[in-house]
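What follows is a single structure, written as structure tokens, with notes after it.
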Amino acid sequence: MPARQSSPRPRKSAAPSRAVGAASDLQAPPLTAQVRTLDNGLEVIVREDHEHPLVSVQIWVKAGSLHEERWTGAGLAHCVEHMLFKGTLKRTASQISQGIQELGGYVNAYTTFNRTVYWIDGLADHAEGYLDILADMVRHSRIDAAELSKEQEVIRREMAMDNDDAGSAVQHLVQATAFRQHPLKHPIIGHRAIFDQVGREDVAGFVSRHYVPNNCFLVIAGAVDAEACFAAAQRLLGDWERRPYEPILLPQEVPQRGLREGRKNFTTELTRVALGWQIPGEGHADKAALDVLGFLLGSGRSSRLYQELREKRGLAHWVWAGAWGAQECGLFNVEAECDPKDVTACRAAMLEVLETMKAKGPSAAELAKAVRATISGQVRSLVSTKGQAASLAHGWLTVGSLDYAQHYLAAIRALTPALIREVAQRYLVPTGCSVAIVGPDVESAETTVASTHSRGAVEKMLLPNGLTLLVGENPRLPLVSIRAGFLAGVPAETDVNAGVTQVSASLLLKGTKTRSGPEIAATLENLGGSLVCTADAHRYVLGADVMRGDEACALDLIADLILNPALPAAQLTEVKKRQVASILEEKEDPLTVAMRLARREIFAGEPFARTALGTEASVKALKVEDCRKALSAALVGGNGVISIQGDVKTAVIRKQVERAFAKLKKGPRRTLTTTVNSQAQAGLHELHMEKEQAVIVIGFRTVGIGSEDAQVLSLIDEACSDMGSRLFNRIREELGLAYYVGAQHFAAMGAGAFYFYVGTDPQKADLAQQEMLNQIADLAKNGLKKDEIQRAKTTWRSSWLRAQQGNPGLADAYGWNELNGQGHAHFQRLPQIVEAITDKDVKRVAKAYFSKAQACIVRVMPKK
């Protein structure tokens with residue numbers, strides 16, 4: 001569904017010697033593209049990339065929340081984004097969504113400060129079809145008054161969700177504190193009081209003012225013919241009338257001359273602290289240095305803030321730093337999440353880290369790491385057609401150049417420690433700092449040729465120690481992904497040691513016999529790579545994403561974690577503290593709370609009544625010996641699969657794996673079984689939270705991943721979760737009962753569940769619940785219509801293809817399918833399995849599992 005985009009704030013690894021300048025010879029491949037301007041002023045950018053039969057079609061409108069003029073702070077640009085999905089002069093809302101789905105496309109949009117972007121990703125054969133629909137949306141939207149009234153209620157529910165999220169709250173607060181004149185002080189979604197005054201004429205006026213060809217541009221990237229794309233653009237957009245467009249003059253922000261502070265009480269278990277400083281905009285010469293400064297301070301486990309606040313002092317659960325904004329100005333943010341009692345100490349420690357950076361700057365090794373990581377990130381963004389289109393478009397919007405990414409990286413490579421220090425000193429001054437604190441009771445406290453490389457078939461090998469190795473060669477980009485999986489997780493745990501798999505995975509990062517925690521964190525980050533060491537409901541997952549040539553180093557590190565874990569008792573308390581914080585954070589989101597309760601009721605008395613996080617009590621009781629036992633039982637050859645995808649040679653990488661894991665014990669494969677327990681009870685369950693929204697989840701017991709019905713259930717999930725689905729069109733569009741509505745299929749080894757969910761106004765909860773039950777009853781009786789099934793199949797295939805654009809996803813998919821017993825080739829067989837599903841299969845499966853008598857209904861309502 002449409003989304004707004006705020007700052008690039010994310011949500012919730014003994015380095016080998018290397019020359020400081022080793023990253024200087026690395027280059028992100030330049031993107032060749034053509035650009036032409038139609039007679040009406042519309043700029044068209046086309047990039048040919050025939051690696052995959054996919055395309056991304058994007059229309060960028062150079063109007064966002066900063067351009068609302070007399071309606072500044074209303075969220076008008078965001079409202080317009082929603083309305084463009086509500087129908088045109090020749091298409092209804094359902095015809096838009098279903099038309100895209102029939103063509104195998106995935107549509108979405110987002111609004112940010114200086115732009116609104118509409119995009120469709122899908123099959124290259126249908127590029128013109130996608131463009132036809134997008135062109136119709138931006139040119140001929142009806143902006144119907146009745147539809148606007150309904151969509152405004154949807155946006156009010158979105159505002160309520162935003163109000164319920166502490167991360168959004170601290171972001172909005174630091175913006176409002178740092179800016180006094182510039183529209184960056186307002187949230188993109190707007191303020192409810194102003195939004196409620198917006199009428200149909202205001203929305204239509206914004207479209208008429210800004211949605212003109214000379215204020216937009218089109219980007220197409222993928223397996224297309226450029227000349228055909230230019231011709232299609234001329235046919236579909238060439239007669240779009242050019243109109244006078246007077247640029248908006250934004251107020252200049254007065255420089256800040258003193259400390260500012262904002263506080264907001266928020267019902268939560270944790271407190272968020274943000275520090276912000278005004279900085280120049282996106283096109284400024286200092287932007288590259290500010291981006292790298294943010295990376296050095298708050299990106300990754302080896303960053304200054306992570307090491308000092310989380311690892312050494314144990315004050316923060318999460319940290320981040322970064323620079324963001326618009327063309328004219330922006331904000332440098334440093335954020336942390338901590339326990340309420342640690343706010344003062346955490347804030348002081350954040351400032352200490354910054355002062356150290358200002359005084360000494362980064363080391364040459366740190367800067368080399370940042371440069372390599374930035375280039376690596378740029379390369380990874382080019383894996384997908386969507387990423388290529390977005391990269392070209394961002395450069396075009398920011399500086400009017402398709403080569404912006406190359407010039408930006410050149411500026412990155414030219415940085416020195418002295419330059420980073422100077423930029424920190426110039427902008428991060430005490431009198432320019434704005435502080436935002438959100439938590440409980442805080443107010444009272446005061447151009448190149450397309451690649452011709454192809455991906456090779458996956459080769460399976462059994463190593464002498466029982467370890468299974470999967471290798472897929474793909475020389476398209478100089479990237480390698482490694483994933484090592486070992487069966488463990490929820491079925492291997494008990495109520496007493498629940499969460500031990502995740503806790504012990506985190507404890508692995510705290511040290512080995514030869515590496516300290518910081519050395520583990522720095523080993524791959526210094527090379528521009530990243531380390532994976534985590535666990536989910538079924539397995540330990542250790543891996544790495546690195547540049548070609550660094551895979552031996554990555555394998556050595558992964559093997560060291562597995563073979564030589566130190567499991568320091570001193571660090572266990574902190575690890576458990578983090579996991580308990582994650583458990584508490586889940587309790588803040590109404591949908592997650594409802595899902596978890598439904599899961600406990602459906603799987604009562606069985607392992608999957610628990611989640612991989614465990615419970616507060618079980619996690620707090622864990623000891624080092626519990627972690628050691630869990631790791632020893634799981635990390636053996638017969639219980640593991642290593643999957644490698646990327647720019648490697650099979651014979652070479654096999655020798656490297658054998659050498660790295662030569663001392664891994666052989667051991668047996670674990671048997672993880674889940675039996676149905678009679679304790680499960682259907683019925684209605686209600687609980688209350690201090691939130692504005694109501695959430696309803698209706699869950700059913702189904703089957704595990706090994707059942708032939710599992711893929712049918714996944715297809716039903718696809719059909720019920722899209723913007724063209726019957727649930728979306730009936731409950732959200734026709735009746736206006738919800739902001740979000742959808743379905744989720746949970747398939748585990750030996751167990752499964754299916755959830756329908758809706759987020760709604762508390763006053764409409766009963767109506768929304770009844771309508772959802774009506775829809776489920778119809779599904780159980782009649783199944784899906786043939787056109788619904790075909791749209792779901794087409795969308796599923798498009799999603800399946802998109803999943804293959806990057807090495808990390810493929811390495812994980814092949815490894816997981818091999819580990820769970822279906823075999824790695826199962827992933828490639830899925831299209832045939834899905835295509836063979838009939839309407840009779842859907843009807844049979846829906847009838848078997850979606851009986852009202854088997855429904856577990858959970859309602860989360862606001863406290864009265």
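In the structure tokens, chains take letters A, B, ... by order of appearance, with residues numbered from 1 within each chain and ligands from 1 in the order shown.
Contact shell of Asn214 in chain A at 12 Å (only C-alpha atoms; same-chain neighbours under 2 positions omitted): Thr37, Leu38, Asp39, Asn40, Gly41, Leu42, Glu43, Val44, Trp60, Val61, Lys62, Ala63, Arg209, His210, Tyr211, Val212, Cys216, Phe217, Leu218, Leu237, Gly238, Trp240, Glu241, Arg242, Arg243, Pro244, Tyr245, Glu246 and Pro247 of chain A.
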Write out as a JSON list (two decimals) with C-alpha atoms, in the first residue's frame which residues come within 12 Å of Ile602 in chain A when counting only C-alpha atoms, dropping same-chain ones fewer than 6 positions away.
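Result file result-v4.json:
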```
[["chain", "number", "residue", "atom", "x", "y", "z"],
["A", 595, "MET", "CA", -0.60, -12.08, 16.32],
["A", 596, "ARG", "CA", 1.38, -13.42, 19.28],
["A", 608, "PHE", "CA", 5.31, -22.95, 18.35],
["A", 609, "ALA", "CA", 3.13, -21.40, 21.01],
["A", 610, "ARG", "CA", 6.44, -19.66, 21.77],
["A", 676, "VAL", "CA", -0.71, -31.46, 17.36],
["A", 677, "ASN", "CA", -1.79, -30.90, 20.98],
["A", 678, "SER", "CA", -5.40, -31.00, 22.08],
["A", 679, "GLN", "CA", -4.92, -27.97, 24.36],
["A", 680, "ALA", "CA", -5.55, -25.59, 21.47],
["A", 681, "GLN", "CA", -8.83, -23.72, 21.87],
["A", 682, "ALA", "CA", -10.81, -21.71, 19.32],
["A", 683, "GLY", "CA", -12.79, -18.72, 20.53],
["A", 684, "LEU", "CA", -12.66, -14.97, 21.20],
["A", 685, "HIS", "CA", -9.89, -13.27, 23.16],
["A", 698, "ILE", "CA", -8.53, -14.20, 13.07],
["A", 699, "GLY", "CA", -6.27, -17.25, 13.06],
["A", 700, "PHE", "CA", -6.59, -20.88, 11.98],
["A", 701, "ARG", "CA", -4.43, -23.98, 12.49],
["A", 702, "THR", "CA", -3.06, -25.28, 9.19],
["A", 746, "PHE", "CA", 2.91, -19.06, 8.78],
["A", 751, "ALA", "CA", 3.23, -26.83, 12.01],
["A", 752, "GLY", "CA", 1.38, -24.00, 10.37],
["A", 753, "ALA", "CA", -1.19, -21.27, 10.84],
["A", 754, "PHE", "CA", -3.04, -18.74, 8.73],
["A", 755, "TYR", "CA", -3.99, -15.29, 9.98],
["A", 854, "GLN", "CA", -11.84, -23.46, 14.29],
["A", 855, "ALA", "CA", -11.26, -19.69, 14.35],
["A", 856, "CYS", "CA", -9.20, -18.07, 17.05],
["A", 857, "ILE", "CA", -10.27, -14.40, 17.19],
["A", 858, "VAL", "CA", -8.09, -11.85, 18.97]]
```
Spatial neighbours of Gly637 in chain A, max dist 6 Å, only C-alpha atoms, sep filter under 4 positions, as an mmCIF file with N, CA, C and O atoms, in the first residue's frame:
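Output below, filename part_18.cif:
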```
data_model
loop_
_atom_site.group_PDB
_atom_site.id
_atom_site.type_symbol
_atom_site.label_atom_id
_atom_site.label_comp_id
_atom_site.auth_asym_id
_atom_site.auth_seq_id
_atom_site.Cartn_x
_atom_site.Cartn_y
_atom_site.Cartn_z
ATOM 1 N N ASN A 465 33.061 -34.217 6.664
ATOM 2 C CA ASN A 465 32.527 -34.108 8.022
ATOM 3 C C ASN A 465 30.997 -34.082 8.059
ATOM 4 O O ASN A 465 30.396 -33.798 9.089
ATOM 5 N N GLY A 466 30.337 -34.380 6.920
ATOM 6 C CA GLY A 466 28.884 -34.435 6.874
ATOM 7 C C GLY A 466 28.221 -33.136 6.489
ATOM 8 O O GLY A 466 27.000 -33.088 6.278
ATOM 9 N N LEU A 467 28.991 -32.071 6.399
ATOM 10 C CA LEU A 467 28.451 -30.764 6.044
ATOM 11 C C LEU A 467 28.046 -30.750 4.570
ATOM 12 O O LEU A 467 28.789 -31.215 3.709
ATOM 13 N N LYS A 665 33.031 -31.004 13.974
ATOM 14 C CA LYS A 665 32.621 -32.375 14.269
ATOM 15 C C LYS A 665 31.542 -32.831 13.293
ATOM 16 O O LYS A 665 30.715 -32.040 12.851
ATOM 17 N N LYS A 666 31.547 -34.156 13.023
ATOM 18 C CA LYS A 666 30.595 -34.679 12.051
ATOM 19 C C LYS A 666 29.175 -34.595 12.593
ATOM 20 O O LYS A 666 28.360 -33.853 12.101
ATOM 21 N N GLY A 667 28.852 -35.318 13.621
ATOM 22 C CA GLY A 667 27.560 -35.187 14.295
ATOM 23 C C GLY A 667 26.365 -35.552 13.432
ATOM 24 O O GLY A 667 26.443 -35.567 12.211
#
```
Cut-off 9 Å: closest range 556-611 of chain A/range 295-316 of chain A atom pairs per residue, using only C-alpha atoms, as a Markdown table:
```
| residue | atom | partner | partner_atom | distance |
| --- | --- | --- | --- | --- |
| A:Gln571 | CA | A:Glu311 | CA | 8.6 |
| A:Glu574 | CA | A:Gly314 | CA | 6.7 |
| A:Arg578 | CA | A:Ala316 | CA | 8.9 |
```
Open item on the list: List as a PyMOL selection string the protein and nucleic acid residues near Ala232 in chain A, meaning an atom at most 10 Å away when only C-alpha atoms are counted, but skip any in the same chain fewer than 2 places from it.
Closed with: chain A and resi 127-129+131-132+226-230+234-238
